[in-house]
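One file, query-v5.cif, carrying mmCIF, C-alpha atoms; chains and numbers go by the auth columns:
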```cif
data_data
#
loop_
_atom_site.group_PDB
_atom_site.id
_atom_site.type_symbol
_atom_site.label_atom_id
_atom_site.label_comp_id
_atom_site.label_asym_id
_atom_site.label_seq_id
_atom_site.Cartn_x
_atom_site.Cartn_y
_atom_site.Cartn_z
_atom_site.B_iso_or_equiv
_atom_site.auth_seq_id
_atom_site.auth_asym_id
ATOM 1 C CA MET A 1 98.541 -46.966 8.603 0.00 1 N
ATOM 2 C CA GLU A 2 102.048 -47.518 9.881 0.00 2 N
ATOM 3 C CA LYS A 3 104.509 -44.649 9.695 0.00 3 N
ATOM 4 C CA THR A 4 106.796 -46.767 7.464 0.00 4 N
ATOM 5 C CA ASN A 5 104.028 -47.214 4.891 0.00 5 N
ATOM 6 C CA VAL A 6 103.233 -43.507 5.002 0.00 6 N
ATOM 7 C CA SER A 7 106.928 -42.682 4.500 0.00 7 N
ATOM 8 C CA ARG A 8 107.062 -44.988 1.487 0.00 8 N
ATOM 9 C CA GLY A 9 103.938 -43.304 0.131 0.00 9 N
ATOM 10 C CA LEU A 10 105.511 -39.881 0.659 0.00 10 N
ATOM 11 C CA PHE A 11 108.688 -41.058 -1.070 0.00 11 N
ATOM 12 C CA GLU A 12 106.666 -42.335 -4.044 0.00 12 N
ATOM 13 C CA PHE A 13 104.543 -39.173 -4.185 0.00 13 N
ATOM 14 C CA ASN A 14 107.658 -36.966 -4.186 0.00 14 N
ATOM 15 C CA ASN A 15 109.324 -39.059 -6.885 0.00 15 N
ATOM 16 C CA ILE A 16 106.232 -38.855 -9.095 0.00 16 N
ATOM 17 C CA PHE A 17 105.972 -35.110 -8.502 0.00 17 N
ATOM 18 C CA LYS A 18 109.671 -34.572 -9.315 0.00 18 N
ATOM 19 C CA GLU A 19 109.454 -36.751 -12.417 0.00 19 N
ATOM 20 C CA SER A 20 106.467 -34.750 -13.630 0.00 20 N
ATOM 21 C CA ASP A 21 108.290 -31.495 -12.902 0.00 21 N
ATOM 22 C CA ASN A 22 111.298 -32.816 -14.820 0.00 22 N
ATOM 23 C CA ILE A 23 109.120 -33.449 -17.890 0.00 23 N
ATOM 24 C CA TYR A 24 108.121 -29.763 -17.951 0.00 24 N
ATOM 25 C CA ARG A 25 111.679 -28.601 -17.206 0.00 25 N
ATOM 26 C CA GLY A 26 112.972 -30.705 -20.108 0.00 26 N
ATOM 27 C CA PHE A 27 110.279 -29.371 -22.402 0.00 27 N
ATOM 28 C CA ALA A 28 111.144 -25.766 -21.497 0.00 28 N
ATOM 29 C CA ARG A 29 114.807 -26.527 -22.257 0.00 29 N
ATOM 30 C CA TRP A 30 113.804 -28.132 -25.585 0.00 30 N
ATOM 31 C CA CYS A 31 111.903 -24.924 -26.414 0.00 31 N
ATOM 32 C CA GLY A 32 114.985 -22.835 -25.570 0.00 32 N
ATOM 33 C CA LEU A 33 113.106 -21.116 -22.747 0.00 33 N
ATOM 34 C CA SER A 34 113.743 -20.640 -19.064 0.00 34 N
ATOM 35 C CA GLU A 35 111.284 -22.510 -16.873 0.00 35 N
ATOM 36 C CA CYS A 36 109.707 -19.231 -15.803 0.00 36 N
ATOM 37 C CA ALA A 37 109.301 -18.013 -19.403 0.00 37 N
ATOM 38 C CA PHE A 38 107.792 -21.364 -20.354 0.00 38 N
ATOM 39 C CA TRP A 39 105.241 -21.184 -17.530 0.00 39 N
ATOM 40 C CA ILE A 40 104.347 -17.586 -18.414 0.00 40 N
ATOM 41 C CA LEU A 41 103.604 -18.589 -22.010 0.00 41 N
ATOM 42 C CA TYR A 42 101.736 -21.658 -20.781 0.00 42 N
ATOM 43 C CA CYS A 43 99.515 -19.584 -18.499 0.00 43 N
ATOM 44 C CA LEU A 44 98.796 -17.059 -21.207 0.00 44 N
ATOM 45 C CA ARG A 45 97.890 -19.764 -23.728 0.00 45 N
ATOM 46 C CA THR A 46 95.572 -21.619 -21.364 0.00 46 N
ATOM 47 C CA GLU A 47 93.867 -18.396 -20.230 0.00 47 N
ATOM 48 C CA TYR A 48 94.769 -19.612 -16.764 0.00 48 N
ATOM 49 C CA THR A 49 95.102 -16.079 -15.465 0.00 49 N
ATOM 50 C CA GLU A 50 94.683 -12.468 -16.541 0.00 50 N
ATOM 51 C CA ALA A 51 97.371 -11.272 -18.925 0.00 51 N
ATOM 52 C CA THR A 52 99.137 -8.956 -16.477 0.00 52 N
ATOM 53 C CA GLN A 53 102.283 -9.352 -14.416 0.00 53 N
ATOM 54 C CA SER A 54 100.297 -9.537 -11.164 0.00 54 N
ATOM 55 C CA GLY A 55 97.912 -12.079 -12.703 0.00 55 N
ATOM 56 C CA ILE A 56 100.833 -14.247 -13.791 0.00 56 N
ATOM 57 C CA CYS A 57 102.463 -13.987 -10.343 0.00 57 N
ATOM 58 C CA GLY A 58 99.233 -15.107 -8.699 0.00 58 N
ATOM 59 C CA GLY A 59 98.696 -17.927 -11.158 0.00 59 N
ATOM 60 C CA LEU A 60 102.215 -19.298 -10.960 0.00 60 N
ATOM 61 C CA PHE A 61 103.055 -18.580 -7.320 0.00 61 N
ATOM 62 C CA ILE A 62 106.366 -17.068 -8.435 0.00 62 N
ATOM 63 C CA SER A 63 107.839 -13.791 -7.167 0.00 63 N
ATOM 64 C CA LYS A 64 107.239 -10.540 -9.046 0.00 64 N
ATOM 65 C CA GLN A 65 110.986 -10.068 -9.520 0.00 65 N
ATOM 66 C CA THR A 66 111.388 -13.449 -11.229 0.00 66 N
ATOM 67 C CA ILE A 67 108.302 -12.923 -13.402 0.00 67 N
ATOM 68 C CA ASN A 68 109.436 -9.390 -14.281 0.00 68 N
ATOM 69 C CA SER A 69 112.876 -10.639 -15.379 0.00 69 N
ATOM 70 C CA ALA A 70 111.365 -13.355 -17.563 0.00 70 N
ATOM 71 C CA LEU A 71 108.854 -10.914 -19.087 0.00 71 N
ATOM 72 C CA LYS A 72 111.613 -8.448 -19.933 0.00 72 N
ATOM 73 C CA LYS A 73 113.604 -11.186 -21.647 0.00 73 N
ATOM 74 C CA LEU A 74 110.547 -12.363 -23.611 0.00 74 N
ATOM 75 C CA GLU A 75 109.959 -8.744 -24.641 0.00 75 N
ATOM 76 C CA GLU A 76 113.614 -8.282 -25.676 0.00 76 N
ATOM 77 C CA GLN A 77 113.364 -11.467 -27.755 0.00 77 N
ATOM 78 C CA GLY A 78 110.329 -10.018 -29.528 0.00 78 N
ATOM 79 C CA TYR A 79 107.783 -12.562 -28.270 0.00 79 N
ATOM 80 C CA ILE A 80 105.594 -10.257 -26.194 0.00 80 N
ATOM 81 C CA GLU A 81 104.743 -6.601 -25.741 0.00 81 N
ATOM 82 C CA LEU A 82 104.005 -4.999 -22.390 0.00 82 N
ATOM 83 C CA ARG A 83 101.328 -2.321 -22.649 0.00 83 N
ATOM 84 C CA HIS A 84 100.063 0.011 -19.942 0.00 84 N
ATOM 85 C CA THR A 85 96.441 -0.678 -19.078 0.00 85 N
ATOM 86 C CA ASP A 86 93.811 2.022 -18.823 0.00 86 N
ATOM 87 C CA GLY A 87 93.740 3.781 -15.489 0.00 87 N
ATOM 88 C CA ASP A 88 96.774 2.148 -13.855 0.00 88 N
ATOM 89 C CA ARG A 89 100.245 3.146 -15.014 0.00 89 N
ATOM 90 C CA ARG A 90 101.821 0.439 -12.844 0.00 90 N
ATOM 91 C CA SER A 91 99.853 -2.413 -14.388 0.00 91 N
ATOM 92 C CA LYS A 92 100.929 -3.709 -17.781 0.00 92 N
ATOM 93 C CA GLU A 93 99.005 -6.029 -20.049 0.00 93 N
ATOM 94 C CA ILE A 94 100.965 -8.784 -21.778 0.00 94 N
ATOM 95 C CA ALA A 95 100.287 -9.196 -25.498 0.00 95 N
ATOM 96 C CA PHE A 96 101.828 -11.638 -27.948 0.00 96 N
ATOM 97 C CA THR A 97 103.672 -10.461 -31.031 0.00 97 N
ATOM 98 C CA LYS A 98 103.442 -12.462 -34.266 0.00 98 N
ATOM 99 C CA ALA A 99 106.746 -14.118 -33.352 0.00 99 N
ATOM 100 C CA GLY A 100 105.367 -14.960 -29.899 0.00 100 N
ATOM 101 C CA LEU A 101 102.238 -16.538 -31.340 0.00 101 N
ATOM 102 C CA LYS A 102 104.393 -18.595 -33.711 0.00 102 N
ATOM 103 C CA LEU A 103 106.622 -19.683 -30.831 0.00 103 N
ATOM 104 C CA CYS A 104 103.584 -20.782 -28.804 0.00 104 N
ATOM 105 C CA LYS A 105 102.066 -22.641 -31.732 0.00 105 N
ATOM 106 C CA ASN A 106 105.289 -24.640 -32.173 0.00 106 N
ATOM 107 C CA THR A 107 105.943 -25.277 -28.481 0.00 107 N
ATOM 108 C CA VAL A 108 103.520 -24.598 -25.638 0.00 108 N
ATOM 109 C CA ASP A 109 100.366 -25.261 -27.654 0.00 109 N
ATOM 110 C CA ARG A 110 101.715 -28.680 -28.653 0.00 110 N
ATOM 111 C CA LEU A 111 102.344 -29.595 -25.032 0.00 111 N
ATOM 112 C CA ILE A 112 98.893 -28.404 -23.973 0.00 112 N
ATOM 113 C CA GLU A 113 97.382 -30.644 -26.661 0.00 113 N
ATOM 114 C CA VAL A 114 99.390 -33.628 -25.372 0.00 114 N
ATOM 115 C CA GLU A 115 98.307 -32.850 -21.790 0.00 115 N
ATOM 116 C CA ASN A 116 94.647 -32.707 -22.833 0.00 116 N
ATOM 117 C CA ASP A 117 94.956 -35.995 -24.706 0.00 117 N
ATOM 118 C CA THR A 118 96.689 -37.578 -21.715 0.00 118 N
ATOM 119 C CA LEU A 119 93.923 -36.513 -19.340 0.00 119 N
ATOM 120 C CA LEU A 120 91.338 -37.787 -21.807 0.00 120 N
ATOM 121 C CA ASP A 121 93.124 -41.166 -21.790 0.00 121 N
ATOM 122 C CA LEU A 122 91.900 -41.546 -18.215 0.00 122 N
ATOM 123 C CA PRO A 123 88.266 -42.563 -17.811 0.00 123 N
ATOM 124 C CA GLU A 124 86.165 -39.600 -16.672 0.00 124 N
ATOM 125 C CA ASN A 125 85.599 -40.966 -13.166 0.00 125 N
ATOM 126 C CA GLU A 126 89.362 -41.523 -12.670 0.00 126 N
ATOM 127 C CA ARG A 127 90.107 -38.044 -14.005 0.00 127 N
ATOM 128 C CA GLU A 128 87.626 -36.499 -11.557 0.00 128 N
ATOM 129 C CA THR A 129 88.941 -38.593 -8.657 0.00 129 N
ATOM 130 C CA PHE A 130 92.562 -37.759 -9.468 0.00 130 N
ATOM 131 C CA LEU A 131 91.899 -34.009 -9.590 0.00 131 N
ATOM 132 C CA LYS A 132 89.682 -34.087 -6.497 0.00 132 N
ATOM 133 C CA LEU A 133 92.261 -35.984 -4.421 0.00 133 N
ATOM 134 C CA PHE A 134 95.206 -33.922 -5.649 0.00 134 N
ATOM 135 C CA ARG A 135 93.340 -30.695 -4.763 0.00 135 N
ATOM 136 C CA LYS A 136 92.327 -32.127 -1.385 0.00 136 N
ATOM 137 C CA HIS A 137 95.905 -33.173 -0.593 0.00 137 N
ATOM 138 C CA THR A 138 97.270 -29.759 -1.606 0.00 138 N
ATOM 139 C CA GLU A 139 94.726 -27.892 0.544 0.00 139 N
ATOM 140 C CA MET A 140 95.372 -30.147 3.522 0.00 140 N
ATOM 141 C CA LEU A 141 99.136 -29.760 3.136 0.00 141 N
ATOM 142 C CA LYS A 142 98.825 -25.973 2.907 0.00 142 N
ATOM 143 C CA ASN A 143 96.685 -25.846 6.060 0.00 143 N
ATOM 144 C CA ASN A 144 98.861 -28.295 7.998 0.00 144 N
ATOM 145 C CA VAL A 145 102.065 -26.444 7.122 0.00 145 N
ATOM 146 C CA LYS A 146 100.479 -23.186 8.243 0.00 146 N
ATOM 147 C CA GLU A 147 99.238 -24.642 11.535 0.00 147 N
ATOM 148 C CA SER A 148 102.241 -26.836 12.319 0.00 148 N
ATOM 149 C CA ILE A 149 105.078 -24.661 11.102 0.00 149 N
ATOM 150 C CA TYR A 150 104.257 -21.067 10.197 0.00 150 N
ATOM 151 C CA ASP A 151 102.002 -20.418 13.206 0.00 151 N
ATOM 152 C CA LYS A 152 104.576 -21.729 15.707 0.00 152 N
ATOM 153 C CA LYS A 153 107.561 -19.801 16.949 0.00 153 N
ATOM 154 C CA ILE A 154 111.056 -21.156 16.634 0.00 154 N
ATOM 155 C CA GLU A 155 112.454 -21.993 20.048 0.00 155 N
#
```
Would you put the structure from the file into structure tokens?
Amino acid sequence: MEKTNVSRGLFEFNNIFKESDNIYRGFARWCGLSECAFWILYCLRTEYTEATQSGICGGLFISKQTINSALKKLEEQGYIELRHTDGDRRSKEIAFTKAGLKLCKNTVDRLIEVENDTLLDLPENERETFLKLFRKHTEMLKNNVKESIYDKKIE
């Protein structure tokens, strides 16, 4: 494939990715949440990760400092409680309050339902192909960035 065609494909891919990201950013704003707070609630509601700060950091690929700030704000707003786990005083489990569960029901849960319905609108074979190719592209990009950029010294 010619480099021009690849560049156009990259341009289209980036526009699609940014448009998708903008949908979630707009939804977080509509909910009255920061993007980070939105993604924390989203992860907790999808059981995407363990309900601890370190689990959230690993699941969202966001720094501990940013996650910690968003968790503190969610706690101050009365949506979550941070509880020490057995055996490790540094690790805190995240638990929803009644207000937090109500918030999720009216916001994040609705979006998750729309996402599920949207994926189900794709035929199963297209859904599987889409996820397989997106995962493959992400893994290849991660490896190529590591080999081509991170593993080379700046001259």
Taking only residues of range 1-70 of chain N that have an atom at most 10 Å from an atom of range 110-132 of chain N, what is each one's shortest atom pair and its distance in Å to one decimal, using all atoms listed in the file, in chain and number order, as CSV?
```
residue,atom,partner,partner_atom,distance
N:Tyr24,CA,N:Leu111,CA,9.1
N:Phe27,CA,N:Leu111,CA,8.4
N:Tyr42,CA,N:Ile112,CA,8.0
N:Arg45,CA,N:Ile112,CA,8.7
N:Thr46,CA,N:Ile112,CA,8.0
```
Quick one: of N:Gly26, N:Cys43, N:Ser7, N:Ile149, who's nearest to Cys57 in chain N, counting only C-alpha atoms?
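Checking each of N:Gly26, N:Cys43, N:Ser7, N:Ile149 against Cys57 in chain N, counting only C-alpha atoms, the winner is N:Cys43.
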Apply the PyMOL selection byres ((chain N and resi 53) around 9) to the displayed file and report the matching residues as a list in words.
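Applying the expression gives Glu50, Ala51, Thr52, Ser54, Gly55, Ile56, Cys57, Gly58, Lys64, Ile67, Asn68, Leu71, Ser91, Lys92, Glu93 and Ile94 of chain N.
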Neighbours of Arg29 in chain N within 12 Å (all atoms listed in the file; same-chain residues fewer than 6 positions away dropped), as a list in words?
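Everything that qualifies: Asn22, Ile23, Glu35, Cys36, Ala37, Phe38, Trp39, Thr107 and Val108 of chain N.
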How far is it from CA of Arg25 in chain N to CA of Leu60 in chain N, in Å with one decimal?
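Computed distance, CA of Arg25 in chain N to CA of Leu60 in chain N, equals 14.7 Å.
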Each side padded by 8 Å, which centre and which edge lengths in Å (one decimal) define the axis-aligned box around the listed atoms of range 116-122 of chain N? Give them as AutoDock Vina command-line options.
```
--center_x 94.0 --center_y -37.1 --center_z -21.5 --size_x 21.4 --size_y 24.8 --size_z 22.5
```
Interatomic distance (Å, one decimal) between CA of Asn143 in chain N and CA of Glu47 in chain N
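Separation of CA of Asn143 in chain N and CA of Glu47 in chain N: 27.5 Å.
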Answer as number ranges by chain, residues within 10 Å of (106.8, -14.6, -24.3) using all atoms listed in the file
N: 33, 37-42, 44, 70-81, 94-97, 99-101, 103-104
Would you compute the distance between CA of Asn106 in chain N and CA of Gly32 in chain N? Give it in Å to one decimal.
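That distance, rounded to one decimal, is 11.9 Å.
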Which is closer to Leu10 in chain N than all the others in N:Ser69, N:His137, N:Asp109, N:His84, using all atoms listed in the file?
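Of N:Ser69, N:His137, N:Asp109, N:His84, the one nearest Leu10 in chain N is N:His137, counting all atoms listed in the file.
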